[in-house]
$ cat work_30.cif   # mmCIF, C-alpha atoms
data_input
#
loop_
_atom_site.label_atom_id
_atom_site.label_comp_id
_atom_site.auth_asym_id
_atom_site.auth_seq_id
_atom_site.Cartn_x
_atom_site.Cartn_y
_atom_site.Cartn_z
CA MET A 1 7.60 -48.02 39.44
CA GLN A 2 6.96 -44.94 41.58
CA GLY A 3 4.20 -42.33 41.83
CA SER A 4 0.59 -42.86 40.69
CA HIS A 5 -0.26 -44.72 37.48
CA GLU A 6 -3.35 -45.88 35.61
CA MET A 7 -2.80 -49.14 33.76
CA THR A 8 -5.02 -49.40 30.69
CA GLU A 9 -2.80 -52.10 29.21
CA HIS A 10 0.39 -53.86 30.12
CA ARG A 11 2.59 -56.53 28.56
CA GLY A 12 4.30 -59.04 30.78
CA ALA A 13 4.07 -59.41 34.55
CA LEU A 14 3.03 -56.27 36.40
CA ILE A 15 5.07 -55.61 39.55
CA VAL A 16 3.69 -53.00 41.92
CA GLY A 17 6.40 -51.59 44.17
CA ASP A 18 6.68 -48.13 45.69
CA ALA A 19 3.75 -46.72 43.72
CA THR A 20 -0.04 -46.48 43.48
CA VAL A 21 -1.28 -48.43 40.46
CA THR A 22 -4.91 -48.26 39.38
CA VAL A 23 -6.66 -50.51 36.88
CA PRO A 24 -9.52 -48.29 35.55
CA PRO A 25 -13.08 -49.63 35.14
CA ASP A 26 -12.76 -50.04 31.37
CA ALA A 27 -9.27 -51.61 31.45
CA GLU A 28 -8.21 -55.26 31.43
CA ILE A 29 -4.84 -56.67 32.54
CA SER A 30 -4.25 -60.23 31.38
CA ASP A 31 -0.79 -60.96 32.77
CA PRO A 32 0.12 -61.86 36.39
CA VAL A 33 0.30 -59.05 38.92
CA TYR A 34 2.69 -59.01 41.92
CA VAL A 35 2.16 -56.53 44.74
CA ILE A 36 5.38 -56.14 46.73
CA GLY A 37 4.67 -52.65 48.09
CA GLY A 38 2.69 -49.52 47.44
CA GLU A 39 -0.97 -49.94 46.47
CA LEU A 40 -2.84 -51.78 43.74
CA ARG A 41 -6.41 -50.54 43.19
CA VAL A 42 -8.50 -52.69 40.87
CA ARG A 43 -11.59 -51.06 39.39
CA GLY A 44 -11.56 -52.95 36.12
CA THR A 45 -10.53 -56.51 35.27
CA VAL A 46 -7.43 -58.57 35.97
CA THR A 47 -7.71 -61.93 34.23
CA GLY A 48 -4.38 -63.28 35.49
CA ASP A 49 -3.25 -64.25 38.97
CA VAL A 50 -2.62 -61.61 41.63
CA THR A 51 0.03 -62.34 44.28
CA GLN A 52 0.25 -59.94 47.21
CA LEU A 53 3.49 -60.09 49.18
CA SER A 54 3.14 -56.72 50.90
CA GLY A 55 1.61 -53.31 50.39
CA SER A 56 -2.11 -52.69 49.92
CA LEU A 57 -4.65 -54.28 47.57
CA VAL A 58 -8.05 -52.67 46.99
CA ALA A 59 -10.76 -54.20 44.78
CA ASP A 60 -13.57 -51.71 44.30
CA GLU A 61 -17.22 -52.33 43.44
CA GLY A 62 -17.45 -53.94 40.01
CA ALA A 63 -13.80 -55.08 39.94
CA SER A 64 -12.98 -58.58 38.73
CA ILE A 65 -9.97 -60.82 39.35
CA GLY A 66 -10.30 -63.84 37.10
CA GLY A 67 -7.21 -65.69 38.31
CA GLN A 68 -6.14 -66.69 41.79
CA LEU A 69 -5.72 -64.01 44.45
CA GLN A 70 -2.89 -65.26 46.67
CA HIS A 71 -2.49 -63.24 49.85
CA ILE A 72 0.86 -63.63 51.63
CA GLY A 73 1.28 -60.28 53.37
CA GLY A 74 0.03 -56.72 53.46
CA THR A 75 -3.51 -55.37 53.73
CA GLU A 76 -6.46 -55.91 51.40
CA GLU A 77 -9.92 -54.43 50.95
CA ILE A 78 -12.32 -56.41 48.79
CA ALA A 79 -15.68 -54.71 48.14
CA ASP A 80 -18.84 -56.79 48.33
CA GLY A 81 -19.49 -56.22 44.65
CA ALA A 82 -15.99 -57.27 43.55
CA VAL A 83 -15.55 -60.69 41.92
CA VAL A 84 -12.60 -62.89 42.85
CA ALA A 85 -12.51 -66.25 41.09
CA GLU A 86 -10.23 -67.99 43.59
CA ARG A 87 -8.56 -66.99 46.84
CA ALA A 88 -5.59 -68.48 48.69
CA THR A 89 -3.91 -67.32 51.88
CA VAL A 90 -0.41 -68.32 52.97
CA ASP A 91 0.17 -68.22 56.72
CA PHE A 92 3.70 -68.36 58.09
CA ALA A 93 2.87 -69.52 61.57
CA PRO A 94 5.95 -70.24 63.72
CA THR A 95 6.28 -73.92 64.46
CA GLU A 96 7.01 -75.09 67.96
CA PRO A 97 10.19 -77.14 68.21
CA GLY A 98 9.75 -80.75 69.22
CA PRO A 99 10.88 -82.07 72.60
CA VAL A 100 14.17 -83.34 71.17
CA ALA A 101 15.06 -80.06 69.45
CA LYS A 102 13.94 -78.07 72.49
CA TYR A 103 15.86 -79.91 75.19
CA ALA A 104 18.79 -81.43 73.28
CA PRO A 105 21.07 -78.34 73.62
CA VAL A 106 20.44 -78.17 77.38
CA VAL A 107 21.04 -81.90 77.87
CA LEU A 108 24.20 -81.84 75.75
CA THR A 109 25.58 -78.79 77.56
CA THR A 110 24.81 -80.35 80.95
CA LEU A 111 26.58 -83.60 80.04
CA VAL A 112 29.64 -81.70 78.82
CA LEU A 113 29.79 -79.67 82.03
CA ALA A 114 29.27 -82.77 84.17
CA LEU A 115 32.08 -84.64 82.38
CA ALA A 116 34.37 -81.60 82.58
CA GLY A 117 33.63 -81.26 86.29
CA SER A 118 34.21 -84.96 86.93
CA TRP A 119 37.57 -84.87 85.13
CA LEU A 120 38.73 -81.61 86.71
CA SER A 121 37.70 -82.63 90.23
CA ARG A 122 39.88 -85.74 89.95
CA ARG A 123 42.83 -83.97 88.35
CA ARG A 124 42.86 -80.53 89.98
CA PRO A 125 40.32 -80.51 92.82
CA LYS A 126 42.01 -77.54 94.49
CA LEU A 127 40.99 -75.27 91.62
CA LEU A 128 37.30 -76.05 92.07
CA GLU A 129 37.60 -75.96 95.83
CA ASN A 130 39.03 -72.42 95.79
CA VAL A 131 36.25 -71.17 93.52
CA GLY A 132 33.56 -72.97 95.49
CA THR A 133 34.88 -71.60 98.78
CA ALA A 134 34.85 -68.05 97.44
CA ALA A 135 31.29 -68.49 96.16
CA SER A 136 29.96 -69.93 99.42
CA GLU A 137 31.92 -68.07 102.11
CA TYR A 138 32.17 -64.73 100.32
CA SER A 139 29.00 -64.85 98.25
CA LEU A 140 28.24 -61.13 98.59
CA VAL A 141 31.70 -60.15 97.36
CA SER A 142 31.49 -62.69 94.53
CA LEU A 143 28.04 -61.44 93.55
CA THR A 144 29.21 -57.81 93.54
CA VAL A 145 32.33 -58.51 91.49
CA GLY A 146 30.43 -60.74 89.08
CA GLY A 147 27.70 -58.14 88.65
CA LEU A 148 30.15 -55.31 87.97
CA LEU A 149 32.08 -57.50 85.55
CA SER A 150 28.89 -58.51 83.70
CA VAL A 151 27.72 -54.91 83.27
CA THR A 152 31.17 -53.80 82.10
CA PHE A 153 31.52 -56.72 79.72
CA LEU A 154 28.09 -56.18 78.18
CA SER A 155 28.79 -52.47 77.66
CA VAL A 156 32.12 -53.17 75.98
CA PHE A 157 30.62 -56.00 73.92
CA VAL A 158 27.81 -53.79 72.60
CA PHE A 159 30.29 -51.03 71.76
CA MET A 160 32.60 -53.39 69.87
CA ALA A 161 29.69 -55.04 68.06
CA PHE A 162 28.96 -51.69 66.36
CA LYS A 163 32.53 -51.51 65.08
CA LEU A 164 33.01 -53.87 62.15
CA VAL A 165 36.74 -54.28 62.72
CA LEU A 166 36.15 -55.19 66.39
CA ILE A 167 33.52 -57.89 65.78
CA PRO A 168 36.10 -60.76 65.95
CA VAL A 169 37.38 -59.36 69.25
CA SER A 170 33.84 -59.09 70.63
CA LEU A 171 33.09 -62.68 69.61
CA LEU A 172 36.29 -63.83 71.32
CA GLY A 173 35.26 -61.93 74.44
CA LEU A 174 31.83 -63.53 74.31
CA PHE A 175 33.43 -66.98 74.12
CA VAL A 176 35.73 -66.24 77.06
CA GLY A 177 32.76 -64.99 79.07
CA ALA A 178 30.77 -68.15 78.32
CA VAL A 179 33.71 -70.34 79.34
CA THR A 180 34.13 -68.38 82.58
CA ILE A 181 30.44 -68.78 83.45
CA ALA A 182 30.62 -72.49 82.64
CA TYR A 183 33.67 -72.80 84.91
CA GLY A 184 31.63 -71.16 87.67
CA VAL A 185 28.78 -73.65 87.17
CA VAL A 186 31.22 -76.56 87.37
CA SER A 187 32.73 -75.11 90.56
CA LEU A 188 29.29 -74.72 92.12
CA GLY A 189 28.59 -78.31 91.13
CA TYR A 190 31.76 -79.38 92.91
CA LEU A 191 30.61 -77.45 95.97
CA VAL A 192 27.22 -79.19 95.92
CA GLY A 193 28.78 -82.59 95.27
CA SER A 194 31.17 -82.22 98.19
CA ARG A 195 28.15 -82.03 100.50
CA LEU A 196 27.05 -85.52 99.46
CA GLY A 197 29.84 -87.16 101.41
CA THR A 198 30.67 -89.58 98.59
CA PRO A 199 34.30 -90.72 98.37
CA ARG A 200 34.12 -90.75 94.58
CA THR A 201 34.85 -87.09 93.87
CA GLY A 202 34.31 -87.30 90.13
CA LEU A 203 30.86 -88.83 90.47
CA SER A 204 29.75 -86.46 93.21
CA THR A 205 30.89 -83.45 91.16
CA ALA A 206 29.00 -84.67 88.09
CA VAL A 207 25.86 -85.12 90.20
CA GLY A 208 26.39 -81.67 91.69
CA VAL A 209 26.65 -80.10 88.24
CA LEU A 210 23.44 -81.83 87.18
CA ALA A 211 21.74 -80.49 90.32
CA VAL A 212 22.93 -76.91 89.67
CA VAL A 213 21.80 -76.96 86.03
CA ALA A 214 18.45 -78.48 87.01
CA LEU A 215 17.98 -75.74 89.61
CA LEU A 216 18.75 -73.06 87.03
CA GLN A 217 16.21 -74.58 84.64
CA VAL A 218 13.52 -74.68 87.30
CA LEU A 219 14.24 -71.09 88.31
CA GLY A 220 14.15 -70.02 84.68
CA ALA A 221 10.57 -71.31 84.44
CA VAL A 222 9.49 -68.85 87.16
CA THR A 223 8.88 -65.47 85.57
CA PHE A 224 10.93 -62.51 86.80
CA VAL A 225 11.79 -63.70 90.33
CA GLY A 226 13.19 -67.02 89.13
CA ASP A 227 15.18 -65.28 86.40
CA ILE A 228 16.69 -62.89 88.95
CA VAL A 229 17.69 -65.72 91.31
CA ALA A 230 19.16 -67.78 88.46
CA ALA A 231 21.12 -64.77 87.21
CA ALA A 232 22.39 -64.12 90.75
CA ILE A 233 23.68 -67.70 91.00
CA LEU A 234 25.50 -67.45 87.67
CA VAL A 235 26.93 -64.03 88.48
CA THR A 236 28.12 -65.25 91.88
CA GLY A 237 29.93 -68.14 90.24
CA LEU A 238 31.44 -65.76 87.70
CA GLY A 239 32.68 -63.45 90.43
CA ALA A 240 34.18 -66.35 92.39
CA VAL A 241 36.09 -67.52 89.32
CA VAL A 242 37.53 -64.05 88.78
CA LEU A 243 38.38 -63.51 92.46
CA THR A 244 40.36 -66.76 92.59
CA TYR A 245 41.93 -66.40 89.15
CA PHE A 246 40.14 -69.54 87.95
CA GLY A 247 40.90 -71.24 91.24
CA LEU A 248 44.66 -70.79 91.04
CA GLN A 249 44.72 -69.10 94.43
CA ARG A 250 42.49 -68.90 97.47
CA PHE A 251 40.58 -65.66 97.89
CA GLU A 252 41.59 -63.74 101.01
CA PRO A 253 39.48 -60.59 101.36
CA ALA A 254 41.09 -57.50 102.84
CA LEU A 255 37.80 -56.14 104.16
CA PRO A 256 36.65 -55.31 107.70
CA GLY A 257 34.62 -58.12 109.16
CA TYR A 258 36.37 -60.87 107.18
CA GLU A 259 39.03 -62.88 108.94
#
$ encode --input "work_30.cif" --output "structure tokens"
Amino acid sequence: MQGSHEMTEHRGALIVGDATVTVPPDAEISDPVYVIGGELRVRGTVTGDVTQLSGSLVADEGASIGGQLQHIGGTEEIADGAVVAERATVDFAPTEPGPVAKYAPVVLTTLVLALAGSWLSRRRPKLLENVGTAASEYSLVSLTVGGLLSVTFLSVFVFMAFKLVLIPVSLLGLFVGAVTIAYGVVSLGYLVGSRLGTPRTGLSTAVGVLAVVALLQVLGAVTFVGDIVAAAILVTGLGAVVLTYFGLQRFEPALPGYE
């Protein structure tokens, strides 16, 4: 229904969409009315239920709604002289997730990274050592490379996301990016764990990963400044992973001032 209409009678449920529907003072609508858009102006009588999902509902002086007026969305104006037999309001308030639902993904991800770091540090410690060395000794270079790579990747990802045929490629790129960042976190955990002086490399790396993730969580709780520092840590790890080709070779910068 479109345009403006006066309803003097109607059979079956009345659905008000992109239109202005008026129930005149001398008219009576007995069937249910659903307002999903547009405007419903009641000047007469509606004996059935009125359900407002959206749009606008106006009950003028002398109007009468004999059923239940259920307000879910939209705007309504009920005059003081209008009669509404029963009112009900449905609120869709967002529910806060419980502690388990809120922290379970972080805990699970941390455990996976800690186990991966423990296994990799015992099997191929040189890989993590190369990445960790690049991140600690050449942090500025790693941060610069990681930052440039992040900006480029995000630009390409957004471009591909707008192309339907390239969505699978963009999702694959997103997965590769997440794995690379996770590899950087594990490498930073290895770097932290190596400072503990524990002979058990796997355990120290796992503890180091836990410490890095905990630090990132704490920084994330600090508005703006904490987010920037946390992002810088992740980007530095990302750059170190790329500079060392996932730790396959040691990074040797060809820049003045580095020997």
$ resolve_selection --input "work_30.cif" --expression "the PyMOL selection byres ((chain A and resi 239) around 6)" --output "list in words"
Ser142, Leu143, Val145, Gly146, Thr236, Gly237, Leu238, Ala240, Val241 and Val242 of chain A
$ write_last_selection --input "work_30.cif" --atoms "C-alpha atoms" --output "PDB file, in the frame of the given file"
ATOM      1  CA  SER A 142      31.490 -62.690  94.530  1.00  0.00           C
ATOM      2  CA  LEU A 143      28.040 -61.440  93.550  1.00  0.00           C
ATOM      3  CA  VAL A 145      32.330 -58.510  91.490  1.00  0.00           C
ATOM      4  CA  GLY A 146      30.430 -60.740  89.080  1.00  0.00           C
ATOM      5  CA  THR A 236      28.120 -65.250  91.880  1.00  0.00           C
ATOM      6  CA  GLY A 237      29.930 -68.140  90.240  1.00  0.00           C
ATOM      7  CA  LEU A 238      31.440 -65.760  87.700  1.00  0.00           C
ATOM      8  CA  ALA A 240      34.180 -66.350  92.390  1.00  0.00           C
ATOM      9  CA  VAL A 241      36.090 -67.520  89.320  1.00  0.00           C
ATOM     10  CA  VAL A 242      37.530 -64.050  88.780  1.00  0.00           C
TER      11      VAL A 242
END
$ closest_residue --input "work_30.cif" --among "A:Thr109, A:Leu40, A:Val100, A:Asp80" --to "Ala178 in chain A" --atoms "only C-alpha atoms"
A:Thr109
$ residues_near_point --input "work_30.cif" --point "(36.0, -89.4, 83.5)" --cutoff "12 Å" --atoms "all atoms listed in the file" --output "list in words"
Leu111, Val112, Leu113, Ala114, Leu115, Ala116, Gly117, Ser118, Trp119, Leu120, Ser121, Arg122, Arg123, Arg200, Thr201, Gly202, Leu203, Ser204, Thr205 and Ala206 of chain A
$ atom_distance --input "work_30.cif" --atom1 "CA of Val186 in chain A" --atom2 "CA of Leu171 in chain A"
22.6 Å
$ resolve_selection --input "work_30.cif" --expression "the PyMOL selection byres ((chain A and resi 65) around 12)" --output "PyMOL selection string"
chain A and resi 23+28-33+41-51+57-64+66-70+78+81-87
$ resolve_selection --input "work_30.cif" --expression "the PyMOL selection byres ((chain A and resi 130-132) around 6)" --output "PyMOL selection string"
chain A and resi 127-129+133-135+187-188+191+240-241+247+250
$ atom_distance --input "work_30.cif" --atom1 "CA of Gly147 in chain A" --atom2 "CA of Ala214 in chain A"
22.4 Å
$ atom_distance --input "work_30.cif" --atom1 "CA of Val218 in chain A" --atom2 "CA of Ala230 in chain A"
9.0 Å
$ closest_residue --input "work_30.cif" --among "A:Glu77, A:Val213, A:Thr20, A:His71" --to "Val106 in chain A" --atoms "all atoms listed in the file"
A:Val213
$ closest_residue --input "work_30.cif" --among "A:Ser136, A:Thr75, A:Thr8, A:Thr152" --to "Tyr190 in chain A" --atoms "all atoms listed in the file"
A:Ser136
$ axis_aligned_box --input "work_30.cif" --around "range 56-60 of chain A" --padding-each-side "4 Å" --output "lines of an AutoDock Vina configuration file"
center_x = -7.8
center_y = -53.0
center_z = 47.1
size_x = 19.5
size_y = 10.6
size_z = 13.6
$ decode --input "work_30.cif" --residues "range 42-71 of chain A" --atoms "N, CA and C atoms" --output "compact mmCIF listing (two decimals), in the first residue's frame"
# COMPACT_ATOMS: atom_id res chain seq x y z
N VAL A 42 -4.89 7.13 13.69
CA VAL A 42 -6.19 6.64 14.17
C VAL A 42 -6.98 7.81 14.73
N ARG A 43 -8.12 8.08 14.10
CA ARG A 43 -9.05 9.08 14.60
C ARG A 43 -10.37 8.45 15.02
N GLY A 44 -10.59 7.23 14.52
CA GLY A 44 -11.80 6.51 14.86
C GLY A 44 -11.51 5.38 15.83
N THR A 45 -11.94 4.15 15.46
CA THR A 45 -11.85 3.02 16.38
C THR A 45 -11.18 1.83 15.70
N VAL A 46 -10.25 1.24 16.41
CA VAL A 46 -9.64 -0.03 16.00
C VAL A 46 -9.92 -1.00 17.14
N THR A 47 -10.75 -1.99 16.89
CA THR A 47 -11.12 -2.92 17.96
C THR A 47 -10.13 -4.08 18.10
N GLY A 48 -9.33 -4.30 17.07
CA GLY A 48 -8.35 -5.39 17.12
C GLY A 48 -7.02 -4.92 17.69
N ASP A 49 -6.05 -5.81 17.66
CA ASP A 49 -4.70 -5.49 18.14
C ASP A 49 -3.96 -4.64 17.11
N VAL A 50 -3.07 -3.78 17.60
CA VAL A 50 -2.21 -2.98 16.74
C VAL A 50 -0.76 -3.29 17.11
N THR A 51 0.00 -3.77 16.14
CA THR A 51 1.41 -4.08 16.34
C THR A 51 2.25 -3.15 15.50
N GLN A 52 3.12 -2.39 16.15
CA GLN A 52 3.96 -1.42 15.45
C GLN A 52 5.39 -1.91 15.43
N LEU A 53 5.87 -2.27 14.24
CA LEU A 53 7.25 -2.71 14.06
C LEU A 53 8.16 -1.56 13.68
N SER A 54 7.62 -0.60 12.95
CA SER A 54 8.39 0.56 12.49
C SER A 54 7.41 1.63 12.09
N GLY A 55 7.92 2.69 11.45
CA GLY A 55 7.03 3.73 10.98
C GLY A 55 6.53 4.62 12.11
N SER A 56 5.36 5.24 11.88
CA SER A 56 4.80 6.19 12.82
C SER A 56 3.36 5.83 13.13
N LEU A 57 2.99 5.95 14.41
CA LEU A 57 1.61 5.68 14.85
C LEU A 57 1.12 6.92 15.59
N VAL A 58 -0.02 7.45 15.15
CA VAL A 58 -0.61 8.63 15.77
C VAL A 58 -2.05 8.31 16.15
N ALA A 59 -2.38 8.48 17.43
CA ALA A 59 -3.75 8.31 17.91
C ALA A 59 -4.25 9.67 18.35
N ASP A 60 -5.18 10.24 17.59
CA ASP A 60 -5.67 11.58 17.87
C ASP A 60 -6.68 11.58 19.00
N GLU A 61 -7.10 12.78 19.38
CA GLU A 61 -8.12 12.97 20.41
C GLU A 61 -9.40 12.25 20.00
N GLY A 62 -9.92 11.41 20.88
CA GLY A 62 -11.15 10.68 20.60
C GLY A 62 -10.92 9.33 19.94
N ALA A 63 -9.69 8.98 19.59
CA ALA A 63 -9.40 7.69 18.98
C ALA A 63 -9.50 6.59 20.02
N SER A 64 -9.74 5.37 19.57
CA SER A 64 -9.88 4.24 20.49
C SER A 64 -9.25 3.00 19.88
N ILE A 65 -8.38 2.37 20.66
CA ILE A 65 -7.78 1.08 20.27
C ILE A 65 -8.23 0.08 21.32
N GLY A 66 -9.15 -0.80 20.92
CA GLY A 66 -9.74 -1.73 21.86
C GLY A 66 -8.90 -2.94 22.17
N GLY A 67 -7.97 -3.29 21.27
CA GLY A 67 -7.09 -4.44 21.51
C GLY A 67 -5.80 -4.01 22.18
N GLN A 68 -4.79 -4.80 22.00
CA GLN A 68 -3.47 -4.50 22.59
C GLN A 68 -2.63 -3.71 21.61
N LEU A 69 -2.04 -2.62 22.08
CA LEU A 69 -1.09 -1.85 21.30
C LEU A 69 0.31 -2.33 21.67
N GLN A 70 0.92 -3.06 20.76
CA GLN A 70 2.27 -3.60 21.01
C GLN A 70 3.28 -2.78 20.23
N HIS A 71 4.14 -2.08 20.96
CA HIS A 71 5.14 -1.21 20.34
C HIS A 71 6.49 -1.92 20.34
